[in-house]
Amino acid sequence: MAGWFFAGNTTDQPTQPMMPPSDYPHWVQHQVGGIGHDSSIPDLYESYLEPSCTAALGSQNAWHCSSVHNLYRFLKTPVFVMENQFDSQQIVTEFEMPSGKYNNDTYGYVEYFGNDMTRSIMPQLNVPSNTQNGLFFASCFDHTAGIGIGPAATTKINSYDSSVLVGDWFWNRNSGKPRILFDTCGKSLPCNPTCTAFGP
């Protein structure tokens with residue numbers, strides 16, 4: 001699996017920090033639930049679950065190890081996370097928000113999702129104890145567009161693209177470039193000017 005699927009530590013499930021964001025149909029009804037709220041996906045795919053994660057969470061909660069939010073702290077191999085804060089594939093395809101509709105509900109849901117992605121990623125990667133992993137976290141309403149290696153890396157944060165940063169991180173080049181980089185537009189909706197916004 002690739003990408004930060006799914007966030008955790010969500011604003012609407014404070015007593016269930018391992019759960020992913022609620023999908024759009026539940027969220028608009030002020031309910032919690034949706035994809036990733038039970039073991040059906042790892043059961044269906046017979047997904048590999050990292051043993052130290054499953055041991056720590058126990059047999060009742062081992063299926064939560066299929067979510068990177070819960071798995072991340074057990075990874076020993078260094079990783080560089082390249083993720084759009086408002087991952088449109090997760091929002092529209094996985095969590096069933098209507099595509100091309102712009103109203104109070106859809107704007108609210110995009111804000112909710114982006115906030116939860118921040119609550120999931122930043123406390124785990126943007127911390128002093130993280131001395132080896134990298135992060136490129138752009139405020140974009142895209143899936144993989146704009147982030148990647150080579151010509152695909154069109155999204156920029158503070159004039160850096162993900163390709164340059166992950167290259168220096170991978171080859172351990174001490175170039176003075178940041179290893180952790182994220183948008184600080186200060187807005188609750190996609191705000192990076194080099195990528196897709198949300199809205200007409």
# chains A, B, ... in the order shown; residues from 1 in each chain; ligands from 1
call {"tool": "select_by_dssp", "arguments": {"residues": "region 154-198 of chain A", "states": "strand (DSSP E or B)", "output": "number ranges by chain"}}
result
A: 156-157, 160-161, 180-182
call {"tool": "residues_around", "arguments": {"residues": "Lys177 (chain A)", "least_positions_apart": "5", "cutoff": "12 Å", "atoms": "only C-alpha atoms", "output": "list in words"}}
result
Gly134, Ile157, Asn158, Ser159, Tyr160, Asp161, Ser162, Ser163, Val164, Leu165, Val166, Gly167, Asp168, Trp169 and Asn172 of chain A
call {"tool": "closest_atom_pairs", "arguments": {"of": "region 83-156 of chain A", "to": "region 70-73 of chain A", "cutoff": "10 Å", "atoms": "only C-alpha atoms", "output": "CSV"}}
result
residue,atom,partner,partner_atom,distance
A:Ser120,CA,A:Asn70,CA,9.3
A:Ile121,CA,A:Tyr72,CA,9.5
A:Gln124,CA,A:Arg73,CA,7.7
A:Leu125,CA,A:Tyr72,CA,9.4
call {"tool": "write_last_selection", "arguments": {"atoms": "C-alpha atoms", "output": "JSON list (two decimals), in the first residue's frame"}}
result
[["chain", "number", "residue", "atom", "x", "y", "z"],
["A", 120, "SER", "CA", -2.43, 12.24, 11.86],
["A", 121, "ILE", "CA", 0.79, 13.11, 10.03],
["A", 124, "GLN", "CA", 4.25, 11.60, 14.02],
["A", 125, "LEU", "CA", 6.72, 13.15, 11.56]]
call {"tool": "residues_around", "arguments": {"residues": "region 38-45 of chain A", "least_positions_apart": "6", "cutoff": "10 Å", "atoms": "only C-alpha atoms", "output": "list in words"}}
result
Met19, Gln60, Asn61, Ala62, Trp63, His64, Cys65, Ser66 and Ser67 of chain A
call {"tool": "residues_around", "arguments": {"residues": "region 189-200 of chain A", "least_positions_apart": "4", "cutoff": "6 Å", "atoms": "only C-alpha atoms", "output": "list in words"}}
result
Glu111, Ser139, Cys140, Phe141 and Thr155 of chain A
call {"tool": "write_last_selection", "arguments": {"atoms": "C-alpha atoms", "output": "JSON list (two decimals), in the first residue's frame"}}
result
[["chain", "number", "residue", "atom", "x", "y", "z"],
["A", 111, "GLU", "CA", -11.85, 20.94, 5.66],
["A", 139, "SER", "CA", -1.96, 21.76, 0.78],
["A", 140, "CYS", "CA", -3.45, 20.46, -2.48],
["A", 141, "PHE", "CA", -6.70, 18.85, -3.60],
["A", 155, "THR", "CA", 4.02, 21.14, -6.70]]
call {"tool": "residues_around", "arguments": {"residues": "Asp23 (chain A)", "least_positions_apart": "4", "cutoff": "12 Å", "atoms": "only C-alpha atoms", "output": "PyMOL selection string"}}
result
chain A and resi 6-7+10+12+19+27-37+90-98+106+109-110+112-113
call {"tool": "select_by_dssp", "arguments": {"residues": "region 9-187 of chain A", "states": "helix (DSSP H, G or I)", "output": "PyMOL selection string"}}
result
chain A and resi 24-28+40-45+51-57+62-66+68-74+88-94+104-125+150-152+162-170
call {"tool": "closest_residue", "arguments": {"among": "A:Leu57, A:Cys185, A:Ala152, A:Ile180", "to": "Val79 (chain A)", "atoms": "only C-alpha atoms"}}
result
A:Ile180
call {"tool": "atom_distance", "arguments": {"atom1": "CA of Gly114 (chain A)", "atom2": "CA of Asn84 (chain A)"}}
result
9.0 Å
call {"tool": "closest_residue", "arguments": {"among": "A:Arg173, A:Pro123, A:Lys187, A:Phe86", "to": "Asp142 (chain A)", "atoms": "only C-alpha atoms"}}
result
A:Phe86
